[in-house]
Amino acid sequence: MAIELTVNGTLHRLDASDDTPLLWVLRDHLGMRGTKFGCGAALCGACTVMLDGDALRSCVMPLQALAGRSITTIEGLSPDRSHPLQRAWIAHQVPQCGYCQSGMLMAAAALLKRHPRPDDAQIDEAMTNICRCGSYPRVRAAIHAAAQEAS
Ligand code: FES
Ligand code: FES
């Protein structure tokens with residue numbers, strides 16, 4: 001089945017079975033390996049991307065549901081790591097092993113679209129991603145820093 005999908009501003013015509021999860025499309029069909037596989041069951045958030053500006057766990061989203069939609073992945077967050085969140089992530093040295101971090105960043109980017117100055121409760125509600133390295137306090141500090149810089 002052929003589906004047209006915009007990823008990071010580029011229109012792609014994809015020929016894959018309609019139940020292929022978006023995560024597989026991104027990694028295997030388009031070669032974008034920044035989005036990670038963790039649980040495959042919408043639980044951990046490692047595979048988070050943005051769908052029309054909202055956070056989406058791509059491991060459980062079938063291609064057939066995405067025709068004509070617009071996806072942003074970690075590769076499209078900025079061309080040169082200049083997004084306020086990326087700068088704050090570096091300044092606060094958020095990542096440890098790094099595996100969960102592209103999903104964390106995309107969830108945070110979607111949060112800032114909804115709430116440009118989120119409070120702790122809004123961060124807790126939005127940031128349900130799992131980090132085995134326990135980067136949660138640094139994630140929170142970096143989101144506050146990025147929100148402050150962007151406002
Ligand atoms: S890999 Fe998608 S939520 Fe864990
Ligand atoms: S930084 Fe290692 S899992 Fe989050």
# chains A, B, ... in the order shown; residues from 1 in each chain; ligands from 1
call {"tool": "select_by_dssp", "arguments": {"residues": "segment 10-112 of chain A", "states": "alpha helix (DSSP H)", "output": "number ranges by chain"}}
result
A: 22-24, 84-91, 101-112
call {"tool": "write_last_selection", "arguments": {"atoms": "N, CA, C and O atoms", "output": "PDB file, in the first residue's frame"}}
result
ATOM      1  N   LEU A  22       4.829   3.167  12.507  1.00  0.00           N
ATOM      2  CA  LEU A  22       5.607   4.320  12.059  1.00  0.00           C
ATOM      3  C   LEU A  22       7.078   4.196  12.441  1.00  0.00           C
ATOM      4  O   LEU A  22       7.964   4.588  11.670  1.00  0.00           O
ATOM      5  N   LEU A  23       7.371   3.661  13.619  1.00  0.00           N
ATOM      6  CA  LEU A  23       8.775   3.548  14.049  1.00  0.00           C
ATOM      7  C   LEU A  23       9.606   2.759  13.034  1.00  0.00           C
ATOM      8  O   LEU A  23      10.741   3.118  12.727  1.00  0.00           O
ATOM      9  N   TRP A  24       9.041   1.686  12.503  1.00  0.00           N
ATOM     10  CA  TRP A  24       9.749   0.870  11.515  1.00  0.00           C
ATOM     11  C   TRP A  24       9.913   1.638  10.210  1.00  0.00           C
ATOM     12  O   TRP A  24      10.926   1.530   9.539  1.00  0.00           O
ATOM     13  N   PRO A  84      15.925  25.520  21.530  1.00  0.00           N
ATOM     14  CA  PRO A  84      16.162  25.832  22.953  1.00  0.00           C
ATOM     15  C   PRO A  84      16.252  24.589  23.831  1.00  0.00           C
ATOM     16  O   PRO A  84      17.045  24.559  24.787  1.00  0.00           O
ATOM     17  N   LEU A  85      15.475  23.573  23.521  1.00  0.00           N
ATOM     18  CA  LEU A  85      15.554  22.348  24.329  1.00  0.00           C
ATOM     19  C   LEU A  85      16.901  21.654  24.134  1.00  0.00           C
ATOM     20  O   LEU A  85      17.490  21.148  25.095  1.00  0.00           O
ATOM     21  N   GLN A  86      17.384  21.610  22.909  1.00  0.00           N
ATOM     22  CA  GLN A  86      18.678  20.957  22.670  1.00  0.00           C
ATOM     23  C   GLN A  86      19.793  21.709  23.377  1.00  0.00           C
ATOM     24  O   GLN A  86      20.677  21.098  23.985  1.00  0.00           O
ATOM     25  N   ARG A  87      19.726  23.033  23.337  1.00  0.00           N
ATOM     26  CA  ARG A  87      20.761  23.818  24.038  1.00  0.00           C
ATOM     27  C   ARG A  87      20.678  23.591  25.540  1.00  0.00           C
ATOM     28  O   ARG A  87      21.704  23.443  26.220  1.00  0.00           O
ATOM     29  N   ALA A  88      19.454  23.566  26.062  1.00  0.00           N
ATOM     30  CA  ALA A  88      19.291  23.346  27.510  1.00  0.00           C
ATOM     31  C   ALA A  88      19.730  21.937  27.895  1.00  0.00           C
ATOM     32  O   ALA A  88      20.321  21.728  28.961  1.00  0.00           O
ATOM     33  N   TRP A  89      19.446  20.964  27.041  1.00  0.00           N
ATOM     34  CA  TRP A  89      19.863  19.571  27.317  1.00  0.00           C
ATOM     35  C   TRP A  89      21.383  19.493  27.451  1.00  0.00           C
ATOM     36  O   TRP A  89      21.906  18.805  28.320  1.00  0.00           O
ATOM     37  N   ILE A  90      22.072  20.220  26.567  1.00  0.00           N
ATOM     38  CA  ILE A  90      23.538  20.210  26.611  1.00  0.00           C
ATOM     39  C   ILE A  90      24.022  20.962  27.852  1.00  0.00           C
ATOM     40  O   ILE A  90      24.877  20.477  28.597  1.00  0.00           O
ATOM     41  N   ALA A  91      23.450  22.131  28.109  1.00  0.00           N
ATOM     42  CA  ALA A  91      23.898  22.945  29.242  1.00  0.00           C
ATOM     43  C   ALA A  91      23.697  22.213  30.568  1.00  0.00           C
ATOM     44  O   ALA A  91      24.521  22.323  31.479  1.00  0.00           O
ATOM     45  N   GLN A 101      16.762   9.602  25.190  1.00  0.00           N
ATOM     46  CA  GLN A 101      16.743  11.058  25.142  1.00  0.00           C
ATOM     47  C   GLN A 101      16.079  11.669  23.911  1.00  0.00           C
ATOM     48  O   GLN A 101      15.537  12.768  23.991  1.00  0.00           O
ATOM     49  N   SER A 102      16.103  10.989  22.776  1.00  0.00           N
ATOM     50  CA  SER A 102      15.392  11.592  21.641  1.00  0.00           C
ATOM     51  C   SER A 102      13.897  11.611  21.922  1.00  0.00           C
ATOM     52  O   SER A 102      13.201  12.586  21.612  1.00  0.00           O
ATOM     53  N   GLY A 103      13.408  10.544  22.554  1.00  0.00           N
ATOM     54  CA  GLY A 103      11.991  10.525  22.927  1.00  0.00           C
ATOM     55  C   GLY A 103      11.670  11.577  23.963  1.00  0.00           C
ATOM     56  O   GLY A 103      10.624  12.237  23.899  1.00  0.00           O
ATOM     57  N   MET A 104      12.572  11.752  24.928  1.00  0.00           N
ATOM     58  CA  MET A 104      12.379  12.792  25.941  1.00  0.00           C
ATOM     59  C   MET A 104      12.291  14.170  25.278  1.00  0.00           C
ATOM     60  O   MET A 104      11.415  14.986  25.605  1.00  0.00           O
ATOM     61  N   LEU A 105      13.218  14.431  24.376  1.00  0.00           N
ATOM     62  CA  LEU A 105      13.246  15.748  23.722  1.00  0.00           C
ATOM     63  C   LEU A 105      11.978  15.995  22.905  1.00  0.00           C
ATOM     64  O   LEU A 105      11.433  17.104  22.920  1.00  0.00           O
ATOM     65  N   MET A 106      11.496  14.979  22.212  1.00  0.00           N
ATOM     66  CA  MET A 106      10.302  15.188  21.393  1.00  0.00           C
ATOM     67  C   MET A 106       9.056  15.367  22.267  1.00  0.00           C
ATOM     68  O   MET A 106       8.175  16.165  21.946  1.00  0.00           O
ATOM     69  N   ALA A 107       9.000  14.643  23.388  1.00  0.00           N
ATOM     70  CA  ALA A 107       7.876  14.852  24.314  1.00  0.00           C
ATOM     71  C   ALA A 107       7.935  16.254  24.902  1.00  0.00           C
ATOM     72  O   ALA A 107       6.910  16.932  25.051  1.00  0.00           O
ATOM     73  N   ALA A 108       9.156  16.714  25.225  1.00  0.00           N
ATOM     74  CA  ALA A 108       9.311  18.059  25.772  1.00  0.00           C
ATOM     75  C   ALA A 108       8.959  19.122  24.730  1.00  0.00           C
ATOM     76  O   ALA A 108       8.345  20.149  25.058  1.00  0.00           O
ATOM     77  N   ALA A 109       9.336  18.881  23.480  1.00  0.00           N
ATOM     78  CA  ALA A 109       9.015  19.844  22.427  1.00  0.00           C
ATOM     79  C   ALA A 109       7.503  19.968  22.244  1.00  0.00           C
ATOM     80  O   ALA A 109       6.965  21.078  22.068  1.00  0.00           O
ATOM     81  N   ALA A 110       6.809  18.846  22.305  1.00  0.00           N
ATOM     82  CA  ALA A 110       5.345  18.888  22.195  1.00  0.00           C
ATOM     83  C   ALA A 110       4.738  19.607  23.401  1.00  0.00           C
ATOM     84  O   ALA A 110       3.784  20.385  23.266  1.00  0.00           O
ATOM     85  N   LEU A 111       5.302  19.371  24.578  1.00  0.00           N
ATOM     86  CA  LEU A 111       4.822  20.054  25.792  1.00  0.00           C
ATOM     87  C   LEU A 111       4.947  21.571  25.635  1.00  0.00           C
ATOM     88  O   LEU A 111       4.002  22.310  25.947  1.00  0.00           O
ATOM     89  N   LEU A 112       6.105  22.041  25.153  1.00  0.00           N
ATOM     90  CA  LEU A 112       6.309  23.491  25.032  1.00  0.00           C
ATOM     91  C   LEU A 112       5.414  24.114  23.971  1.00  0.00           C
ATOM     92  O   LEU A 112       5.119  25.305  24.046  1.00  0.00           O
TER      93      LEU A 112
END
call {"tool": "closest_atom_pairs", "arguments": {"of": "chain A", "to": "ligand 2", "cutoff": "10 Å", "atoms": "only C-alpha atoms and all ligand atoms", "output": "tab-separated table"}}
result
residue	atom	partner	partner_atom_place_in_ligand_line	distance
A:Gly38	CA	ligand 2	3 (S)	9.7
A:Cys44	CA	ligand 2	3 (S)	9.9
A:Ala46	CA	ligand 2	3 (S)	8.7
A:Val94	CA	ligand 2	1 (S)	7.4
A:Pro95	CA	ligand 2	1 (S)	4.5
A:Gln96	CA	ligand 2	1 (S)	4.1
A:Cys97	CA	ligand 2	2 (Fe)	3.9
A:Gly98	CA	ligand 2	1 (S)	4.0
A:Tyr99	CA	ligand 2	3 (S)	5.0
A:Cys100	CA	ligand 2	4 (Fe)	4.3
A:Gln101	CA	ligand 2	4 (Fe)	5.8
A:Ser102	CA	ligand 2	4 (Fe)	9.3
A:Gly103	CA	ligand 2	4 (Fe)	9.4
A:Met104	CA	ligand 2	4 (Fe)	8.3
A:Asn129	CA	ligand 2	4 (Fe)	8.9
A:Ile130	CA	ligand 2	4 (Fe)	7.0
A:Cys131	CA	ligand 2	4 (Fe)	3.7
A:Arg132	CA	ligand 2	3 (S)	4.2
A:Cys133	CA	ligand 2	2 (Fe)	4.3
A:Gly134	CA	ligand 2	4 (Fe)	6.4
A:Ser135	CA	ligand 2	1 (S)	5.9
A:Tyr136	CA	ligand 2	4 (Fe)	8.4
A:Val139	CA	ligand 2	4 (Fe)	9.7
call {"tool": "residues_near_ligand", "arguments": {"ligand": "ligand 1", "cutoff": "8 Å", "atoms": "only C-alpha atoms and all ligand atoms", "output": "list in words"}}
result
Leu23, Lys36, Phe37, Gly38, Cys39, Gly40, Ala41, Ala42, Leu43, Cys44, Gly45, Ala46, Cys47, Thr48, Arg57, Ser58, Cys59, Val60 and Asn129 of chain A
call {"tool": "closest_residue", "arguments": {"among": "A:Val49, A:Ile3, A:Met32, A:Ile123", "to": "Ala16 of chain A", "atoms": "only C-alpha atoms"}}
result
A:Ile3
call {"tool": "atom_distance", "arguments": {"atom1": "atom CA of Asp54 of chain A", "atom2": "atom CA of Glu75 of chain A"}}
result
16.2 Å
call {"tool": "select_by_dssp", "arguments": {"residues": "segment 10-143 of chain A", "states": "strand (DSSP E or B)", "output": "ChimeraX atom specification"}}
result
/A:10-15,21,48-51,54-57,62,70-72
call {"tool": "residues_around", "arguments": {"residues": "Ile74 of chain A", "least_positions_apart": "2", "cutoff": "7 Å", "atoms": "only C-alpha atoms", "output": "PyMOL selection string"}}
result
chain A and resi 34-35+72+76-77+102+106
call {"tool": "write_last_selection", "arguments": {"atoms": "N, CA, C and O atoms", "output": "tab-separated table (two decimals), in the first residue's frame"}}
result
chain	number	residue	atom	x	y	z
A	34	GLY	N	17.42	8.08	14.74
A	34	GLY	CA	17.41	8.81	16.01
A	34	GLY	C	16.25	8.40	16.91
A	34	GLY	O	16.35	8.50	18.14
A	35	THR	N	15.17	7.96	16.33
A	35	THR	CA	14.00	7.52	17.11
A	35	THR	C	14.23	6.07	17.51
A	35	THR	O	14.53	5.24	16.66
A	72	THR	N	7.28	15.02	12.83
A	72	THR	CA	8.60	15.60	13.13
A	72	THR	C	9.35	14.61	14.01
A	72	THR	O	8.81	14.14	15.02
A	76	GLY	N	14.51	16.34	12.85
A	76	GLY	CA	13.90	17.56	12.33
A	76	GLY	C	13.65	18.63	13.38
A	76	GLY	O	13.07	19.67	13.08
A	77	LEU	N	14.08	18.36	14.61
A	77	LEU	CA	13.81	19.34	15.67
A	77	LEU	C	14.53	20.65	15.38
A	77	LEU	O	14.00	21.74	15.63
A	102	SER	N	16.10	10.99	22.78
A	102	SER	CA	15.39	11.59	21.64
A	102	SER	C	13.90	11.61	21.92
A	102	SER	O	13.20	12.59	21.61
A	106	MET	N	11.50	14.98	22.21
A	106	MET	CA	10.30	15.19	21.39
A	106	MET	C	9.06	15.37	22.27
A	106	MET	O	8.17	16.16	21.95
call {"tool": "atom_distance", "arguments": {"atom1": "atom CA of Arg117 of chain A", "atom2": "atom CA of Ser82 of chain A"}}
result
18.8 Å
call {"tool": "residues_around", "arguments": {"residues": "Leu63 of chain A", "least_positions_apart": "6", "cutoff": "7 Å", "atoms": "only C-alpha atoms", "output": "PyMOL selection string"}}
result
chain A and resi 18-22
call {"tool": "closest_residue", "arguments": {"among": "A:Gln93, A:Met50, A:Ala141, A:Gln148", "to": "Pro116 of chain A", "atoms": "only C-alpha atoms"}}
result
A:Gln148
